[in-house]
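Trainee: Please see the structure below; I have some questions.
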Amino acid sequence: MQLYGHDSAKALLRIVRAHTLLFTGPEKVGRRQAAKWFAALLNCASQGLEPCGMCPSCRLFESPDHPDYREVQADMTTTTGRQNRRPEIRISQLVPRPGSADLALSHWLEARASFKVKVAVIDGAHLLNLSAANAFLKTLEEPPSQTRIILIAPSQQAVLPTLASRASIVNFSPSKPVQISGNPLARLGRFGDKPNEGEDHPAYTLNDTIEGYVKSLKSNLEDAFEAADALEKSWESSQDASDILLARLSQETPYFYQHASQALERFEDALSSYSSSHLAMQVLTLELRSLIQKS
Ligand SMILES: [Zn+2]
């Protein structure tokens with residue numbers, strides 16, 4: 001189980017004691033790989049700085065099913081195979097529900113670890129609705145011993161506060177230093193993990209475009225439309241644009257983020273219904289501009 005880059009996140013994960021962690025950052029930055037690397041490290045027999053890759057636990061991590069590692073995700077497609085526009089993590093995926101065939105995560109966590117530590121990953125913690133989050137709260141508050149829970153979301157703000165407040169946050173960002181916050185780690189301060197000089201990572205350029213776009217929203221309309229054109233071009237070539245923009249918008253005020261994420265949803269609906277992408281982007285820009293001026 002190898003994890004490239006993210007050196008400071010790895011340094012933190014080697015010493016972190018918190019039971020619940022929230023990994024934030026854009027899609028494809030490596031949050032899930034980091035969760036798996038962490039689980040491999042915790043269960044490795046060699047107790048080195050990296051999973052050894054040779055012990056029985058490490059060897060099982062090369063296959064899809066390690067007995068002490070489990071991921072829960074929302075269904076991204078509907079039963080008819082179409083893209084699910086409101087993906088959600090069901091309560092029965094987290095806590096036992098009569099009549100459900102799901103092996104609930106809380107139930108799975110209660111069983112003894114086969115190796116050392118059971119690691120449960122909720123990939124898409126921002127897709128937990130209030131009742132699912134509340135149902136899972138007891139497990140977060142009194143986690144069984146020898147377990148770790150990792151929540152994955154685009155940003156801290158995207159997750160319900162009841163969940164985020166119980167987790168130590170590890171931020172994975174392609175262009176910014178990895179940061180960690182939350183009480184158990186506050187004393188550690190910040191860790192820099194700068195990208196390699198001259199490395200041509202497409203996410204960096206996209207990040208710059210998105211940063212420029214968000215800044216332009218506070219500027220005059222001409223600048224905003226110009227930045228919108230640039231973003232529209234990147235949008236066509238990147239599947240991550242929406243997640244990265246959403247993560248960036250979450251850094252603004254909660255009022256702005258809440259309404260902006262709805263505007264973004266309408267924008268994506270417009271794109272998927274084959275409306276003019278140029279017009280849709282201009283509408284999004286106008287909406288975001290008026291929101292940012294209100295907040
Ligand atoms: Zn090992």
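For the structure tokens, the naming scheme is as follows: chains receive sequential letters (A, B, ...) according to their order of presentation, residues are indexed from 1 within each chain, and ligands are indexed from 1 in presentation order.
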Please identify the strand (DSSP E or B) residues within stretch 84-268 of chain A (assignment by DSSP from backbone atoms) and present them as a PyMOL selection string.

Mentor: chain A and resi 118-123+147-153+168-171+179-181

Trainee: Write out as a VMD selection string each polymer residue (protein, DNA or RNA) that has an atom no more than 12 Å from ligand 1, with only C-alpha atoms and all ligand atoms counted.

Mentor: chain A and resid 1 to 2 37 to 62 115 to 116

Trainee: Considering only C-alpha atoms, can you say which of A:Ser92, A:Leu160, A:Arg85, A:Pro26 comes closest to A:Glu265?

Mentor: A:Arg85

Trainee: Could you make a table, as JSON lines, of the residues of stretch 71-151 of chain A that have an atom within 12 Å of an atom of stretch 19-24 of chain A, each with its nearest atom pair and distance in Å to one decimal, counting only C-alpha atoms, in chain and number order?

Mentor:
{"residue": "A:Val117", "atom": "CA", "partner": "A:His19", "partner_atom": "CA", "distance": 10.9}
{"residue": "A:Lys118", "atom": "CA", "partner": "A:His19", "partner_atom": "CA", "distance": 10.9}
{"residue": "A:Val119", "atom": "CA", "partner": "A:His19", "partner_atom": "CA", "distance": 9.7}
{"residue": "A:Ala120", "atom": "CA", "partner": "A:Thr20", "partner_atom": "CA", "distance": 9.6}
{"residue": "A:Val121", "atom": "CA", "partner": "A:Leu21", "partner_atom": "CA", "distance": 9.5}
{"residue": "A:Ile122", "atom": "CA", "partner": "A:Leu22", "partner_atom": "CA", "distance": 9.4}
{"residue": "A:Asp123", "atom": "CA", "partner": "A:Phe23", "partner_atom": "CA", "distance": 9.4}
{"residue": "A:Gly124", "atom": "CA", "partner": "A:Thr24", "partner_atom": "CA", "distance": 10.1}
{"residue": "A:Ala125", "atom": "CA", "partner": "A:Leu22", "partner_atom": "CA", "distance": 8.6}
{"residue": "A:His126", "atom": "CA", "partner": "A:Thr24", "partner_atom": "CA", "distance": 10.3}
{"residue": "A:Leu137", "atom": "CA", "partner": "A:Thr20", "partner_atom": "CA", "distance": 11.3}
{"residue": "A:Thr139", "atom": "CA", "partner": "A:Thr20", "partner_atom": "CA", "distance": 10.2}
{"residue": "A:Leu140", "atom": "CA", "partner": "A:Thr20", "partner_atom": "CA", "distance": 7.1}
{"residue": "A:Glu141", "atom": "CA", "partner": "A:Thr20", "partner_atom": "CA", "distance": 9.2}
{"residue": "A:Glu142", "atom": "CA", "partner": "A:His19", "partner_atom": "CA", "distance": 9.5}
{"residue": "A:Pro143", "atom": "CA", "partner": "A:His19", "partner_atom": "CA", "distance": 7.3}
{"residue": "A:Pro144", "atom": "CA", "partner": "A:His19", "partner_atom": "CA", "distance": 9.5}
{"residue": "A:Ser145", "atom": "CA", "partner": "A:His19", "partner_atom": "CA", "distance": 9.1}
{"residue": "A:Gln146", "atom": "CA", "partner": "A:His19", "partner_atom": "CA", "distance": 8.9}
{"residue": "A:Thr147", "atom": "CA", "partner": "A:His19", "partner_atom": "CA", "distance": 7.0}
{"residue": "A:Arg148", "atom": "CA", "partner": "A:His19", "partner_atom": "CA", "distance": 4.9}
{"residue": "A:Ile149", "atom": "CA", "partner": "A:Thr20", "partner_atom": "CA", "distance": 4.7}
{"residue": "A:Ile150", "atom": "CA", "partner": "A:Leu21", "partner_atom": "CA", "distance": 4.8}
{"residue": "A:Leu151", "atom": "CA", "partner": "A:Leu22", "partner_atom": "CA", "distance": 4.6}

Trainee: Could you state the separation of atom CA of A:Ser114 and atom CA of A:Arg31 in Å, given to one decimal place?

Mentor: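 Distance reported for this atom pair: 24.2 Å.
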
Trainee: Would you work out the distance separating atom CA of A:Gly81 from atom CA of A:Glu27, expressed in Å to one decimal?

Mentor: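 We find that atom CA of A:Gly81 and atom CA of A:Glu27 lie 22.0 Å from each other.
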